[in-house]
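Below is one structure, written out as structure tokens; comments come after it.
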Amino acid sequence: MLIFFVRKCDKNIIADFAEKCVVDGCSFKLFSACYYLFDMKMKKFAFISVIGFLAVSAFAVQGAPVGASVDPTPEEQKALDALKGKLEGAIVWSTSRANSLHDIWIMNADGTNARALTKSNNVDWFPRVAPDGSKVLFNRSKGGWVPENDANYPEKWDLWTIGLDGTNETRLVENATWGTWRPDGKSIVFSRAGKVFTMDLASKKETLVLDGEKAFNKAGVILQEPNMSPDGKHLAITLRGSMRETGVWDLAKKSWTKSGDGCQIDWNFDGSKLYRVNPTGNGGTAAPSEILWFTAKDGKQVEKVGFFGIPKNVKLMDLPGRRSHEYFPRLSPDGKWLVWGATDKGHDHDLFDYELYIWKIGEPVETATRITYNSGNDRWPDIWFGKVPVSAASAVADVAKAAATATSAASATAAAIAGGVSEAKMDELIKAIDRLTEAVKALAPSK
């Protein structure tokens, strides 16, 4: 069927089809080779291209790779050790490491103690921590595997919340995606394809704040990841569908200011900065991408990106080396830290091996610390600072874990005293004692 389609259709139809196959908008086109196909009349190439497309599609239907744990290099382990205990809070993200459909996981803000927050038979992604740290807002598919590319179809998704301690999982909004919190935590912003809404959480009243097709006077406009400025006067939006750019919509003046190409545009904590992904930069062994940020004044981007290139002062993060295809940037609540994901191959946000990083803004780029080590998919992190609540069930589990660690440490100590041990075994003993110390600290009551 598809092979017949490719052989019979003209260039314009193929071009239109290729546009519909763009993956989240930052320049990867699945059918870009079709132009070459028709120019050179290579029917054999058509067959191979479509078979490749079907293979990828069949793979995607099954979900993302679960992957396996990998060991950090000595240099990476040194960076992890240096970060340990430096930050108090949590990082939440979506991962396929234990479930090919994706669950929400949580770790300490210093990269330690990673564990599952949700466990479902659906796709859980795009987590956002409430301002007070009490719960997490996230997207959940209505049934089984749904790719991130289908975020434009709200009927496939609902918005859910779950406590940061893993309790009280609740469906909040039906037929919606891209949910984010307002600063007071009393309302949320979300998208339904080409429209953006707010919801008051107390009354559950929804309010339409932007209709993309009417605002841009163009059919087929999709409003992805709408992020409202802290003062509530502007929306930073990634436009998809019949328009492909990023920018800011002034809600009062009903005017649009283009930021540029790319995607995933957002505000810092006080609205003085805009940041987003741009399809330029190193890219490593994958397609180019980097994270830029700009001064924002009255909701408008001050620095310009265009024909003469990108000013150095707007380049926020572009990792050196092979793993430099950056996506999912998120600034910390105080604006001092950045978390994001990067891969060294592929592009699909929910399939390829993105790993998460954290970096203190202003430090050398080389000081960025990788905080996930799994060959599955890790995406869309969020970071929050504060004391992470622990449920009663989690506390019991931690006690059991601490007891097991203590037993292991005691056994290792006894063996060491009894007959002497190698240097390697002594290192293992020291690490076991460190784990016990961390477990005891985690169980200490809040002051």
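Each chain in the structure tokens gets a letter, A, B and so on, in the order shown; residues start at 1 in every chain, and ligands are counted from 1 in the order they appear.
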8 Å contact set for A:Ala90, only C-alpha atoms, chain neighbours under 2 positions out, as a short mmCIF file (atom, residue, chain, number, x, y, z; two decimals) with C-alpha atoms, in the first residue's frame:
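And here's result38.cif as it stands now:
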data_model
loop_
_atom_site.label_atom_id
_atom_site.label_comp_id
_atom_site.auth_asym_id
_atom_site.auth_seq_id
_atom_site.Cartn_x
_atom_site.Cartn_y
_atom_site.Cartn_z
CA GLU A 88 18.39 19.09 48.57
CA VAL A 92 11.52 13.81 38.29
CA ILE A 106 12.24 10.42 40.94
CA MET A 107 15.74 10.89 42.33
CA ASN A 108 17.32 13.22 44.84
CA ALA A 109 18.43 16.52 43.33
CA ASP A 110 22.05 15.41 43.74
CA ILE A 383 13.92 19.86 39.23
CA TRP A 384 12.57 21.13 42.54
CA PHE A 385 14.40 22.25 45.70
CA GLY A 386 13.20 21.49 49.23
CA VAL A 388 11.19 15.64 49.77
#
Using only C-alpha atoms, which residues sit within 10 Å of A:Gly166 once same-chain residues fewer than 4 positions away are excluded, as a list in words?
->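 The contact residues come out as Trp105, Ile106, Ala116, Leu117, Thr118, Lys119, Lys135, Val136, Thr161, Ile162, Pro389, Val390, Ser391, Ala393 and Ser394 of chain A.
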I need the residues from that last selection saved to file as an mmCIF file, in the first residue's frame (with N, CA and C atoms), if you can.
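Saved as again39.cif:
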data_model
loop_
_atom_site.group_PDB
_atom_site.id
_atom_site.type_symbol
_atom_site.label_atom_id
_atom_site.label_comp_id
_atom_site.auth_asym_id
_atom_site.auth_seq_id
_atom_site.Cartn_x
_atom_site.Cartn_y
_atom_site.Cartn_z
ATOM 1 N N TRP A 105 9.820 8.618 37.151
ATOM 2 C CA TRP A 105 10.769 8.266 38.208
ATOM 3 C C TRP A 105 11.191 9.528 38.943
ATOM 4 N N ILE A 106 11.776 9.319 40.107
ATOM 5 C CA ILE A 106 12.236 10.424 40.943
ATOM 6 C C ILE A 106 13.598 10.077 41.521
ATOM 7 N N ALA A 116 11.133 4.466 41.150
ATOM 8 C CA ALA A 116 9.897 4.693 40.400
ATOM 9 C C ALA A 116 8.896 5.483 41.229
ATOM 10 N N LEU A 117 8.201 6.421 40.575
ATOM 11 C CA LEU A 117 7.131 7.165 41.216
ATOM 12 C C LEU A 117 5.773 6.655 40.742
ATOM 13 N N THR A 118 5.646 6.369 39.437
ATOM 14 C CA THR A 118 4.419 5.769 38.909
ATOM 15 C C THR A 118 4.731 4.395 38.327
ATOM 16 N N LYS A 119 3.720 3.553 38.302
ATOM 17 C CA LYS A 119 3.824 2.233 37.670
ATOM 18 C C LYS A 119 2.473 1.946 37.027
ATOM 19 N N LYS A 135 3.237 17.560 44.916
ATOM 20 C CA LYS A 135 2.792 16.583 43.932
ATOM 21 C C LYS A 135 3.417 16.858 42.574
ATOM 22 N N VAL A 136 3.195 15.921 41.662
ATOM 23 C CA VAL A 136 3.722 16.013 40.304
ATOM 24 C C VAL A 136 2.558 15.939 39.323
ATOM 25 N N THR A 161 -2.098 13.725 38.472
ATOM 26 C CA THR A 161 -1.168 14.148 39.514
ATOM 27 C C THR A 161 -0.863 12.957 40.415
ATOM 28 N N ILE A 162 0.276 13.018 41.059
ATOM 29 C CA ILE A 162 0.654 12.033 42.069
ATOM 30 C C ILE A 162 1.498 12.742 43.112
ATOM 31 N N PRO A 389 9.025 14.871 50.658
ATOM 32 C CA PRO A 389 8.190 14.099 51.589
ATOM 33 C C PRO A 389 8.338 12.601 51.348
ATOM 34 N N VAL A 390 8.166 11.832 52.420
ATOM 35 C CA VAL A 390 8.274 10.372 52.342
ATOM 36 C C VAL A 390 7.006 9.764 52.894
ATOM 37 N N SER A 391 6.358 8.881 52.124
ATOM 38 C CA SER A 391 5.142 8.221 52.595
ATOM 39 C C SER A 391 5.482 7.162 53.627
ATOM 40 N N ALA A 393 4.651 4.045 53.599
ATOM 41 C CA ALA A 393 5.094 2.820 52.927
ATOM 42 C C ALA A 393 6.549 2.931 52.500
ATOM 43 N N SER A 394 6.922 4.092 52.002
ATOM 44 C CA SER A 394 8.310 4.301 51.594
ATOM 45 C C SER A 394 9.241 4.249 52.790
#
Mind checking which residues fall within 7 Å of A:Tyr327, counting only C-alpha atoms, ignoring those fewer than 2 positions away in the same chain, and posting them as a ChimeraX atom specification?
-> /A:277,325,329,340-342
Long-range neighbours of A:Pro288 as a PyMOL selection string, 9 Å cut-off, only C-alpha atoms, 2 positions minimum in chain | chain A and resi 278-286+290+324-326
Can those selected residues be exported to a file as an mmCIF file, in the first residue's frame so that it contains C-alpha atoms?
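Below is the file that was written, again_11.cif:
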data_model
loop_
_atom_site.group_PDB
_atom_site.id
_atom_site.type_symbol
_atom_site.label_atom_id
_atom_site.label_comp_id
_atom_site.auth_asym_id
_atom_site.auth_seq_id
_atom_site.Cartn_x
_atom_site.Cartn_y
_atom_site.Cartn_z
ATOM 1 C CA ASN A 278 17.843 25.453 18.748
ATOM 2 C CA PRO A 279 18.773 23.231 15.747
ATOM 3 C CA THR A 280 22.421 24.389 15.738
ATOM 4 C CA GLY A 281 25.531 23.538 17.702
ATOM 5 C CA ASN A 282 27.727 20.488 18.114
ATOM 6 C CA GLY A 283 25.229 17.639 18.001
ATOM 7 C CA GLY A 284 27.973 15.071 18.506
ATOM 8 C CA THR A 285 27.194 12.023 16.373
ATOM 9 C CA ALA A 286 23.513 13.027 16.082
ATOM 10 C CA GLU A 290 21.939 23.244 21.604
ATOM 11 C CA SER A 324 25.528 16.490 22.344
ATOM 12 C CA HIS A 325 22.006 16.288 20.897
ATOM 13 C CA GLU A 326 20.384 18.365 23.682
#
Tell me which protein, DNA and RNA residues are within 8 Å of stretch 264-267 of chain A, counting only C-alpha atoms, leaving out same-chain ones fewer than 5 positions away, and put them as a ChimeraX atom specification.
-> /A:225,227-230,236-238,246-247,272-277,328-329
Closest to A:Ala130 among A:Asn149, A:Asn175, A:Thr180, A:Gln62, using only C-alpha atoms?
->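 Checking each candidate against A:Ala130, we get A:Thr180 as the closest.
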Could you name the residues that touch A:Phe197 at 8 Å or less, counting only C-alpha atoms, but leaving out those on the same chain fewer than 2 positions away, as a list in words?
-> Val189, Phe190, Ser191, Arg192, Lys195, Met199, Glu206, Thr207, Leu208, Val209 and Leu210 of chain A
Would you output that residue set with N, CA and C atoms, as a tab-separated table (two decimals), in the first residue's frame?
chain	number	residue	atom	x	y	z
A	189	VAL	N	-1.86	25.36	33.53
A	189	VAL	CA	-2.01	25.72	32.12
A	189	VAL	C	-1.81	24.44	31.32
A	190	PHE	N	-2.60	24.25	30.26
A	190	PHE	CA	-2.44	23.05	29.45
A	190	PHE	C	-2.92	23.30	28.03
A	191	SER	N	-2.68	22.32	27.17
A	191	SER	CA	-3.00	22.46	25.75
A	191	SER	C	-3.96	21.37	25.30
A	192	ARG	N	-4.80	21.74	24.35
A	192	ARG	CA	-5.59	20.78	23.58
A	192	ARG	C	-5.37	21.10	22.11
A	195	LYS	N	-5.40	24.85	21.08
A	195	LYS	CA	-5.95	25.77	22.07
A	195	LYS	C	-5.24	25.61	23.41
A	199	MET	N	-6.86	26.06	34.24
A	199	MET	CA	-7.87	25.46	35.12
A	199	MET	C	-7.63	25.88	36.55
A	206	GLU	N	-12.44	25.60	33.72
A	206	GLU	CA	-11.49	25.79	32.64
A	206	GLU	C	-11.77	27.11	31.92
A	207	THR	N	-10.68	27.80	31.52
A	207	THR	CA	-10.81	29.06	30.79
A	207	THR	C	-9.93	29.01	29.55
A	208	LEU	N	-10.51	29.26	28.38
A	208	LEU	CA	-9.74	29.33	27.15
A	208	LEU	C	-8.96	30.64	27.12
A	209	VAL	N	-7.65	30.55	26.97
A	209	VAL	CA	-6.83	31.77	26.94
A	209	VAL	C	-6.25	32.06	25.56
A	210	LEU	N	-6.18	31.03	24.67
A	210	LEU	CA	-5.67	31.26	23.33
A	210	LEU	C	-6.17	30.19	22.37
Please give the complete set of residues from stretch 80-247 of chain A that DSSP, run on the backbone, assigns to strand (DSSP E), formatted as a PyMOL selection string.
-> chain A and resi 89-95+103-108+115-116+124-129+135-141+157-163+170-174+177-181+187-192+195-200+206-211+221-228+234-241+245-247
Which residues in stretch 71-130 of chain A does DSSP call helix (DSSP H, G or I)? List them as a list in words.
-> Pro74, Glu75, Glu76, Gln77, Lys78, Ala79, Leu80, Asp81, Ala82 and Leu83 of chain A
C-alpha atoms of the current selection, written as a PDB file, in the first residue's frame:
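Final file, part-v6.pdb:
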ATOM      1  CA  PRO A  74      36.030   7.035  36.693  1.00  0.00           C
ATOM      2  CA  GLU A  75      35.754  10.703  35.711  1.00  0.00           C
ATOM      3  CA  GLU A  76      31.952  10.545  35.690  1.00  0.00           C
ATOM      4  CA  GLN A  77      31.905   8.791  39.063  1.00  0.00           C
ATOM      5  CA  LYS A  78      34.151  11.497  40.485  1.00  0.00           C
ATOM      6  CA  ALA A  79      31.680  14.159  39.300  1.00  0.00           C
ATOM      7  CA  LEU A  80      28.767  12.231  40.839  1.00  0.00           C
ATOM      8  CA  ASP A  81      30.604  11.957  44.151  1.00  0.00           C
ATOM      9  CA  ALA A  82      31.328  15.696  44.111  1.00  0.00           C
ATOM     10  CA  LEU A  83      27.620  16.445  43.565  1.00  0.00           C
TER      11      LEU A  83
END
